[in-house]
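The structure file start.txt is reproduced below (compact mmCIF, C-alpha atoms).
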# COMPACT_ATOMS: atom_id res chain seq x y z
CA MET J 1 0.00 0.00 0.00
CA ASN J 2 1.52 3.30 -1.01
CA PHE J 3 1.58 6.50 1.01
CA ASP J 4 -1.27 8.13 -0.97
CA ALA J 5 -3.57 5.14 -0.38
CA LEU J 6 -2.71 5.13 3.33
CA THR J 7 -3.44 8.86 3.56
CA GLU J 8 -6.80 8.28 1.87
CA VAL J 9 -7.74 5.54 4.37
CA LEU J 10 -6.81 7.78 7.30
CA ASN J 11 -8.86 10.66 5.84
CA LEU J 12 -11.87 8.33 5.47
CA LEU J 13 -11.66 7.49 9.18
CA GLY J 14 -11.76 11.17 10.15
CA PRO J 15 -13.06 11.93 13.63
CA THR J 16 -14.44 8.53 14.56
CA ARG J 17 -14.52 6.23 17.57
CA VAL J 18 -12.97 3.39 15.56
CA ALA J 19 -10.13 2.06 17.70
CA GLU J 20 -8.72 -0.57 15.36
CA LEU J 21 -8.87 -1.19 11.60
CA GLU J 22 -7.32 -4.06 9.68
CA ILE J 23 -7.08 -4.06 5.86
CA GLU J 24 -5.77 -6.88 3.71
CA ALA J 25 -4.71 -5.57 0.32
CA GLU J 26 -4.08 -7.50 -2.89
CA GLY J 27 -0.91 -9.52 -2.74
CA GLY J 28 -1.51 -10.46 0.91
CA ASN J 29 -0.24 -7.17 2.36
CA LEU J 30 -1.83 -6.51 5.73
CA LEU J 31 -2.28 -3.07 7.28
CA ARG J 32 -3.42 -2.78 10.90
CA LEU J 33 -4.14 0.67 12.37
CA ARG J 34 -4.68 0.90 16.11
CA ARG J 35 -5.62 4.14 17.88
CA THR J 36 -4.28 4.43 21.41
CA PRO J 37 -6.01 6.69 23.90
CA MET J 38 -4.37 10.06 24.39
CA PRO J 39 -3.17 10.72 27.95
CA VAL J 40 -5.40 13.15 29.76
CA ALA J 41 -3.85 15.98 31.72
CA PRO J 42 -4.80 15.99 35.40
CA ALA J 43 -7.82 18.18 35.98
CA ALA J 44 -7.88 21.01 38.42
CA ALA J 45 -9.68 20.43 41.68
CA PRO J 46 -13.43 20.39 41.05
CA ALA J 47 -15.40 23.40 42.18
CA ALA J 48 -18.06 22.88 44.80
CA VAL J 49 -21.54 22.58 43.31
CA SER J 50 -24.78 22.90 45.17
CA LEU J 51 -27.91 21.27 43.81
CA GLU J 52 -31.43 22.16 44.70
CA PRO J 53 -33.58 19.13 45.58
CA SER J 54 -35.55 19.48 42.32
CA GLU J 55 -32.30 19.18 40.30
CA VAL J 56 -31.20 15.85 41.81
CA ALA J 57 -31.67 12.99 39.35
CA ALA J 58 -34.04 10.28 40.46
CA GLU J 59 -32.66 6.80 41.05
CA PRO J 60 -33.40 4.51 38.11
CA SER J 61 -36.24 2.16 38.87
CA GLY J 62 -37.04 -1.20 37.39
CA PRO J 63 -34.84 -4.10 36.41
CA PRO J 64 -31.29 -3.50 35.15
CA LEU J 65 -30.90 -3.36 31.38
CA THR J 66 -28.59 -5.61 29.36
CA ARG J 67 -26.77 -3.76 26.59
CA VAL J 68 -26.38 -5.39 23.18
CA GLU J 69 -23.47 -3.67 21.41
CA ALA J 70 -21.92 -3.96 17.96
CA LEU J 71 -18.87 -6.22 17.92
CA PHE J 72 -17.86 -5.07 14.43
CA VAL J 73 -17.66 -1.89 12.39
CA GLY J 74 -20.00 -2.11 9.42
CA ARG J 75 -23.61 -1.77 8.34
CA PHE J 76 -26.42 -3.10 10.53
CA HIS J 77 -29.18 -5.22 8.97
CA LEU J 78 -32.42 -6.31 10.63
CA PRO J 79 -33.70 -9.87 10.13
CA GLN J 80 -36.81 -10.55 8.02
CA LYS J 81 -38.92 -10.46 11.18
CA PRO J 82 -37.37 -7.56 13.15
CA VAL J 83 -37.85 -7.10 16.88
CA ALA J 84 -39.36 -3.90 18.27
CA GLU J 85 -39.60 -2.29 21.68
CA GLY J 86 -41.80 -4.39 23.94
CA ASP J 87 -41.14 -7.67 22.09
CA THR J 88 -40.03 -10.67 24.12
CA VAL J 89 -36.83 -12.38 22.97
CA GLU J 90 -35.12 -15.60 23.95
CA GLU J 91 -31.45 -16.08 24.77
CA ASP J 92 -29.35 -16.38 21.57
CA GLN J 93 -32.23 -15.14 19.37
CA ILE J 94 -30.88 -13.33 16.30
CA LEU J 95 -31.62 -9.60 16.55
CA GLY J 96 -29.81 -8.62 13.36
CA ALA J 97 -26.42 -8.73 11.68
CA VAL J 98 -23.50 -6.40 11.07
CA GLU J 99 -22.09 -6.60 7.56
CA SER J 100 -18.35 -6.06 7.79
CA LEU J 101 -15.91 -6.56 4.92
CA GLY J 102 -18.58 -8.50 3.03
CA LEU J 103 -19.26 -10.91 5.90
CA MET J 104 -22.52 -11.03 7.88
CA ASN J 105 -21.87 -11.22 11.64
CA ALA J 106 -24.93 -12.19 13.67
CA VAL J 107 -26.06 -10.06 16.60
CA SER J 108 -27.92 -12.20 19.13
CA ALA J 109 -29.60 -11.64 22.47
CA PRO J 110 -27.19 -12.48 25.33
CA LYS J 111 -30.19 -13.33 27.51
CA GLY J 112 -33.94 -13.65 27.27
CA GLY J 113 -36.21 -10.78 28.20
CA ARG J 114 -38.17 -7.85 26.82
CA ILE J 115 -36.68 -5.38 24.31
CA ALA J 116 -36.59 -2.11 26.26
CA ALA J 117 -35.05 -0.02 23.46
CA VAL J 118 -33.93 -0.31 19.85
CA HIS J 119 -31.10 2.12 19.06
CA VAL J 120 -30.36 1.22 15.42
CA GLU J 121 -32.20 1.15 12.11
CA ASP J 122 -31.87 -1.21 9.17
CA GLY J 123 -28.98 -0.23 6.90
CA GLU J 124 -27.43 2.17 9.43
CA PRO J 125 -23.62 2.23 9.72
CA VAL J 126 -22.42 1.14 13.18
CA GLU J 127 -19.14 1.28 15.05
CA TYR J 128 -17.51 -1.14 17.45
CA GLY J 129 -19.15 -0.87 20.89
CA GLN J 130 -22.15 1.11 19.63
CA LEU J 131 -25.34 0.38 21.58
CA LEU J 132 -27.84 -1.48 19.38
CA PHE J 133 -30.49 -2.85 21.77
CA GLU J 134 -31.33 -2.87 25.47
CA ILE J 135 -33.03 -5.89 27.07
CA GLU J 136 -34.71 -5.98 30.46
Written as structure tokens, that's how I'd like the structure from this file.
Amino acid sequence: MNFDALTEVLNLLGPTRVAELEIEAEGGNLLRLRRTPMPVAPAAAPAAVSLEPSEVAAEPSGPPLTRVEALFVGRFHLPQKPVAEGDTVEEDQILGAVESLGLMNAVSAPKGGRIAAVHVEDGEPVEYGQLLFEIE
């Protein structure tokens, strides 16, 4: 891969949350880009803040939610019979797939329960770690 092609790939990434990208070019050349977190300068001591009782956030109520996140960067696809908020799903039920580098990678429910929220639409590009569904 020449310098111009590498520059083009980096420009395509732009400001993104992608942490790692692996590209296999013709001829078997492999390029792996890995973004390391930038060190954060120590913050100054926080200022004291006073909250009025009406500004205090309420404690979340109800059962804890299980997050279903994208394990690949790609394009999300719903199955033929998509799930919606309020639907009941079983453990390992297919919720969709992420198409990445021409491969379909299934997204399944890690546990059974009720779909509390759907955070992705069919055909939407997704990034690694992006929240797709919440199950309660």
Distance criterion (all atoms listed in the file): nearest to Glu99 (chain J) out of J:Glu127, J:Ala117, J:Arg67, J:Val83: J:Glu127
Find the residues near Ala106 (chain J): any atom within 7 Å, counting all atoms listed in the file, skip ones fewer than 3 places away on the same chain, and give them as a PyMOL selection string. chain J and resi 94+96-98
CA of Met104 (chain J) and CA of Glu136 (chain J), how far apart in Å? 26.2 Å
Shell around region 111-116 of chain J at 6 Å using all atoms listed in the file, local window under 5 positions removed, as a list in words: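 Close residues of region 111-116 of chain J: Glu85, Gly86, Asp87, Thr88, Val89, Glu90, Glu91, Glu134, Ile135 and Glu136 of chain J.
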For CA of Ser100 (chain J) and CA of Lys81 (chain J), determine how far apart the two atoms are, in Å to one decimal place.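 Interatomic distance here is 21.3 Å.
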Grab the CA of Pro125 (chain J) to CA of Pro64 (chain J) distance for me, in Å with one decimal place.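 So the answer is 27.2 Å.
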Using all atoms listed in the file, find the one residue out of J:Leu78, J:Ile23, J:Leu71, J:Leu65 that sits nearest to Gly123 (chain J).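 Nearest to Gly123 (chain J): J:Leu78.
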Tell me which of J:Glu121, J:Phe72, J:Pro82, J:Val126 sits closest to Leu103 (chain J), counting all atoms listed in the file. J:Phe72
Compile the contact shell of Leu131 (chain J) as a VMD selection string: residues with an atom at most 7 Å away, counting all atoms listed in the file, same-chain residues fewer than 4 positions apart removed. chain J and resid 67 to 70 119
Residues just named, written with C-alpha atoms as a PDB file, in the coordinates of the input:
ATOM      1  CA  ARG J  67     -26.770  -3.760  26.590  1.00  0.00           C
ATOM      2  CA  VAL J  68     -26.380  -5.390  23.180  1.00  0.00           C
ATOM      3  CA  GLU J  69     -23.470  -3.670  21.410  1.00  0.00           C
ATOM      4  CA  ALA J  70     -21.920  -3.960  17.960  1.00  0.00           C
ATOM      5  CA  HIS J 119     -31.100   2.120  19.060  1.00  0.00           C
TER       6      HIS J 119
END
